[in-house]
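*Asks:* Here you go, this is data23.cif (mmCIF, N, CA and C atoms and all ligand atoms).
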data_entry
#
loop_
_atom_site.group_PDB
_atom_site.id
_atom_site.type_symbol
_atom_site.label_atom_id
_atom_site.label_comp_id
_atom_site.auth_asym_id
_atom_site.auth_seq_id
_atom_site.Cartn_x
_atom_site.Cartn_y
_atom_site.Cartn_z
ATOM 1 N N MET H 1 0.852 -1.202 0.000
ATOM 2 C CA MET H 1 0.000 0.000 0.000
ATOM 3 C C MET H 1 0.884 1.247 0.000
ATOM 4 N N GLU H 2 0.516 2.221 -0.783
ATOM 5 C CA GLU H 2 1.311 3.440 -0.920
ATOM 6 C C GLU H 2 0.925 4.492 0.112
ATOM 7 N N CYS H 3 1.919 5.166 0.657
ATOM 8 C CA CYS H 3 1.689 6.223 1.639
ATOM 9 C C CYS H 3 1.262 7.506 0.926
ATOM 10 N N PRO H 4 0.112 8.100 1.298
ATOM 11 C CA PRO H 4 -0.343 9.335 0.646
ATOM 12 C C PRO H 4 0.500 10.550 1.014
ATOM 13 N N ALA H 5 1.246 10.441 2.099
ATOM 14 C CA ALA H 5 2.055 11.571 2.563
ATOM 15 C C ALA H 5 3.395 11.662 1.843
ATOM 16 N N CYS H 6 4.104 10.542 1.705
ATOM 17 C CA CYS H 6 5.439 10.581 1.106
ATOM 18 C C CYS H 6 5.519 9.773 -0.193
ATOM 19 N N GLY H 7 4.458 9.025 -0.524
ATOM 20 C CA GLY H 7 4.439 8.281 -1.779
ATOM 21 C C GLY H 7 5.242 6.994 -1.749
ATOM 22 N N ASN H 8 5.809 6.700 -0.611
ATOM 23 C CA ASN H 8 6.605 5.484 -0.483
ATOM 24 C C ASN H 8 5.698 4.279 -0.280
ATOM 25 N N ASN H 9 6.039 3.194 -0.918
ATOM 26 C CA ASN H 9 5.233 1.982 -0.788
ATOM 27 C C ASN H 9 5.706 1.181 0.417
ATOM 28 N N ALA H 10 5.648 1.826 1.592
ATOM 29 C CA ALA H 10 6.210 1.222 2.800
ATOM 30 C C ALA H 10 5.212 1.219 3.943
ATOM 31 N N VAL H 11 3.923 1.207 3.606
ATOM 32 C CA VAL H 11 2.900 1.202 4.646
ATOM 33 C C VAL H 11 2.742 -0.212 5.188
ATOM 34 N N ILE H 12 2.832 -0.320 6.485
ATOM 35 C CA ILE H 12 2.728 -1.628 7.122
ATOM 36 C C ILE H 12 1.576 -1.631 8.128
ATOM 37 N N TYR H 13 1.036 -2.812 8.383
ATOM 38 C CA TYR H 13 0.003 -2.975 9.395
ATOM 39 C C TYR H 13 0.644 -3.585 10.626
ATOM 40 N N ASN H 14 0.608 -2.851 11.732
ATOM 41 C CA ASN H 14 1.303 -3.324 12.932
ATOM 42 C C ASN H 14 0.384 -4.090 13.886
ATOM 43 N N GLY H 15 -0.790 -4.462 13.392
ATOM 44 C CA GLY H 15 -1.719 -5.219 14.228
ATOM 45 C C GLY H 15 -2.817 -4.351 14.809
ATOM 46 N N VAL H 16 -2.579 -3.039 14.806
ATOM 47 C CA VAL H 16 -3.551 -2.093 15.353
ATOM 48 C C VAL H 16 -3.936 -1.051 14.312
ATOM 49 N N GLU H 17 -2.918 -0.536 13.618
ATOM 50 C CA GLU H 17 -3.160 0.523 12.647
ATOM 51 C C GLU H 17 -2.166 0.447 11.495
ATOM 52 N N TYR H 18 -2.520 1.153 10.400
ATOM 53 C CA TYR H 18 -1.629 1.218 9.249
ATOM 54 C C TYR H 18 -0.677 2.395 9.423
ATOM 55 N N VAL H 19 0.604 2.117 9.380
ATOM 56 C CA VAL H 19 1.636 3.131 9.587
ATOM 57 C C VAL H 19 2.659 3.057 8.455
ATOM 58 N N CYS H 20 3.079 4.237 7.984
ATOM 59 C CA CYS H 20 4.145 4.293 6.990
ATOM 60 C C CYS H 20 5.480 4.129 7.709
ATOM 61 N N SER H 21 6.235 3.135 7.318
ATOM 62 C CA SER H 21 7.513 2.887 7.985
ATOM 63 C C SER H 21 8.579 3.873 7.526
ATOM 64 N N GLN H 22 8.263 4.653 6.496
ATOM 65 C CA GLN H 22 9.212 5.625 5.976
ATOM 66 C C GLN H 22 9.107 6.967 6.712
ATOM 67 N N CYS H 23 7.874 7.511 6.814
ATOM 68 C CA CYS H 23 7.693 8.828 7.438
ATOM 69 C C CYS H 23 6.855 8.749 8.720
ATOM 70 N N THR H 24 6.476 7.540 9.108
ATOM 71 C CA THR H 24 5.709 7.240 10.330
ATOM 72 C C THR H 24 4.315 7.876 10.368
ATOM 73 N N THR H 25 3.787 8.221 9.202
ATOM 74 C CA THR H 25 2.425 8.736 9.142
ATOM 75 C C THR H 25 1.435 7.613 9.447
ATOM 76 N N VAL H 26 0.523 7.880 10.361
ATOM 77 C CA VAL H 26 -0.514 6.902 10.700
ATOM 78 C C VAL H 26 -1.695 7.105 9.762
ATOM 79 N N LEU H 27 -2.047 6.044 9.049
ATOM 80 C CA LEU H 27 -3.106 6.152 8.043
ATOM 81 C C LEU H 27 -4.473 5.774 8.594
ATOM 82 N N GLY H 28 -4.539 5.395 9.848
ATOM 83 C CA GLY H 28 -5.826 5.041 10.431
ATOM 84 C C GLY H 28 -5.948 3.567 10.690
ATOM 85 N N VAL H 29 -6.828 3.249 11.612
ATOM 86 C CA VAL H 29 -6.946 1.873 12.081
ATOM 87 C C VAL H 29 -7.489 0.946 11.006
ATOM 88 N N GLU H 30 -8.575 1.371 10.356
ATOM 89 C CA GLU H 30 -9.184 0.502 9.359
ATOM 90 C C GLU H 30 -9.343 1.240 8.046
ATOM 91 N N PHE H 31 -8.316 1.952 7.665
ATOM 92 C CA PHE H 31 -8.326 2.761 6.447
ATOM 93 C C PHE H 31 -8.659 1.924 5.216
ATOM 94 N N ALA H 32 -7.918 0.857 5.010
ATOM 95 C CA ALA H 32 -8.080 0.039 3.820
ATOM 96 C C ALA H 32 -9.439 -0.654 3.813
ATOM 97 N N LYS H 33 -9.859 -1.107 4.978
ATOM 98 C CA LYS H 33 -11.131 -1.819 5.090
ATOM 99 C C LYS H 33 -12.293 -0.897 4.733
ATOM 100 N N CYS H 34 -12.246 0.349 5.197
ATOM 101 C CA CYS H 34 -13.293 1.327 4.917
ATOM 102 C C CYS H 34 -13.409 1.596 3.428
ATOM 103 N N VAL H 35 -12.288 1.797 2.787
ATOM 104 C CA VAL H 35 -12.270 2.080 1.352
ATOM 105 C C VAL H 35 -12.862 0.904 0.590
ATOM 106 N N LYS H 36 -12.483 -0.290 1.006
ATOM 107 C CA LYS H 36 -12.935 -1.498 0.332
ATOM 108 C C LYS H 36 -14.445 -1.670 0.458
ATOM 109 N N SER H 37 -14.997 -1.470 1.661
ATOM 110 C CA SER H 37 -16.431 -1.663 1.869
ATOM 111 C C SER H 37 -17.235 -0.573 1.176
ATOM 112 N N ALA H 38 -16.701 0.656 1.128
ATOM 113 C CA ALA H 38 -17.378 1.747 0.434
ATOM 114 C C ALA H 38 -17.435 1.453 -1.053
ATOM 115 N N TYR H 39 -16.362 0.917 -1.590
ATOM 116 C CA TYR H 39 -16.314 0.577 -3.013
ATOM 117 C C TYR H 39 -17.323 -0.527 -3.329
ATOM 118 N N ALA H 40 -17.413 -1.526 -2.463
ATOM 119 C CA ALA H 40 -18.340 -2.639 -2.668
ATOM 120 C C ALA H 40 -19.780 -2.145 -2.641
ATOM 121 N N GLU H 41 -20.051 -1.169 -1.771
ATOM 122 C CA GLU H 41 -21.399 -0.614 -1.658
ATOM 123 C C GLU H 41 -21.792 0.139 -2.924
ATOM 124 N N ILE H 42 -20.888 0.967 -3.415
ATOM 125 C CA ILE H 42 -21.133 1.718 -4.652
ATOM 126 C C ILE H 42 -21.354 0.766 -5.817
ATOM 127 N N LYS H 43 -20.552 -0.278 -5.863
ATOM 128 C CA LYS H 43 -20.633 -1.256 -6.942
ATOM 129 C C LYS H 43 -21.996 -1.948 -6.959
ATOM 130 N N SER H 44 -22.503 -2.306 -5.775
ATOM 131 C CA SER H 44 -23.788 -3.003 -5.705
ATOM 132 C C SER H 44 -24.934 -2.077 -6.106
ATOM 133 N N VAL H 45 -24.823 -0.788 -5.764
ATOM 134 C CA VAL H 45 -25.851 0.186 -6.150
ATOM 135 C C VAL H 45 -25.878 0.352 -7.666
ATOM 136 N N VAL H 46 -24.711 0.460 -8.261
ATOM 137 C CA VAL H 46 -24.602 0.605 -9.716
ATOM 138 C C VAL H 46 -25.163 -0.630 -10.418
ATOM 139 N N GLU H 47 -24.878 -1.800 -9.883
ATOM 140 C CA GLU H 47 -25.370 -3.041 -10.471
ATOM 141 C C GLU H 47 -26.895 -3.117 -10.407
ATOM 142 N N GLN H 48 -27.454 -2.612 -9.297
ATOM 143 C CA GLN H 48 -28.916 -2.572 -9.153
ATOM 144 C C GLN H 48 -29.544 -1.672 -10.202
ATOM 145 N N ILE H 49 -28.963 -0.494 -10.391
ATOM 146 C CA ILE H 49 -29.481 0.473 -11.369
ATOM 147 C C ILE H 49 -29.411 -0.126 -12.763
ATOM 148 N N LEU H 50 -28.305 -0.779 -13.084
ATOM 149 C CA LEU H 50 -28.124 -1.371 -14.405
ATOM 150 C C LEU H 50 -29.103 -2.519 -14.629
ATOM 151 N N ALA H 51 -29.401 -3.274 -13.560
ATOM 152 C CA ALA H 51 -30.304 -4.412 -13.672
ATOM 153 C C ALA H 51 -31.747 -3.988 -13.912
ATOM 154 N N GLU H 52 -32.100 -2.792 -13.424
ATOM 155 C CA GLU H 52 -33.464 -2.293 -13.574
ATOM 156 C C GLU H 52 -33.767 -1.831 -14.990
ATOM 157 N N LYS H 53 -32.731 -1.499 -15.728
ATOM 158 C CA LYS H 53 -32.941 -0.976 -17.088
ATOM 159 C C LYS H 53 -33.144 -2.085 -18.112
HETATM 160 ZN ZN ZN H 101 5.079 7.915 4.269
#
Is it possible to express this structure as structure tokens?

*Replies:*
Amino acid sequence: MECPACGNNAVIYNGVEYVCSQCTTVLGVEFAKCVKSAYAEIKSVVEQILAEK
């Protein structure tokens, strides 16, 4: 995963939160999970709209 702060692909999960090992920026506890579930939700809505047509 790429760090949005320094662009380094050095983001690690330490068991609690996502941290960039390069600049130590904390990306949040469930950053990746949130993005993933939001994307899945949008995808299902779009599929519903397409199915109705
Ligand atoms: Zn970084």

*Asks:* How many Å separate atom CA of H:Ala5 from atom CA of H:Glu17?

*Replies:* 15.8 Å

*Asks:* Select the residues contacting ligand ZN 101 (chain H) at a distance of at most 6 Å, based on all atoms listed in the file, then format the selection as a ChimeraX atom specification.

*Replies:* /H:3-8,20-25

*Asks:* Provide the atom CA of H:Ala38 to atom CA of H:Ala51 distance in Å, to one decimal place.

*Replies:*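 Atom CA of H:Ala51 lies at a distance of 20.1 Å from atom CA of H:Ala38.
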
*Asks:* Report the distance between atom N of H:Val16 and atom N of H:Ile42 in Å, rounded to one decimal place.

*Replies:*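 These atoms are spaced 26.1 Å apart.
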
*Asks:* Determine the residue set returned by the PyMOL selection byres (((chain H and resi 11) around 5) and not hetatm) for the present structure, and present it as a PyMOL selection string.

*Replies:* chain H and resi 1+9-10+12-13+19-21

*Asks:* With DSSP run on the backbone, what are the alpha helix (DSSP H) residues within chain H? I'd like them as a ChimeraX atom specification.

*Replies:* /H:31-52

*Asks:* Just list as an NGL selection string whatever in chain H DSSP marks as strand (DSSP E or B).

*Replies:* :H and (11-13 or 18-20 or 26-28)
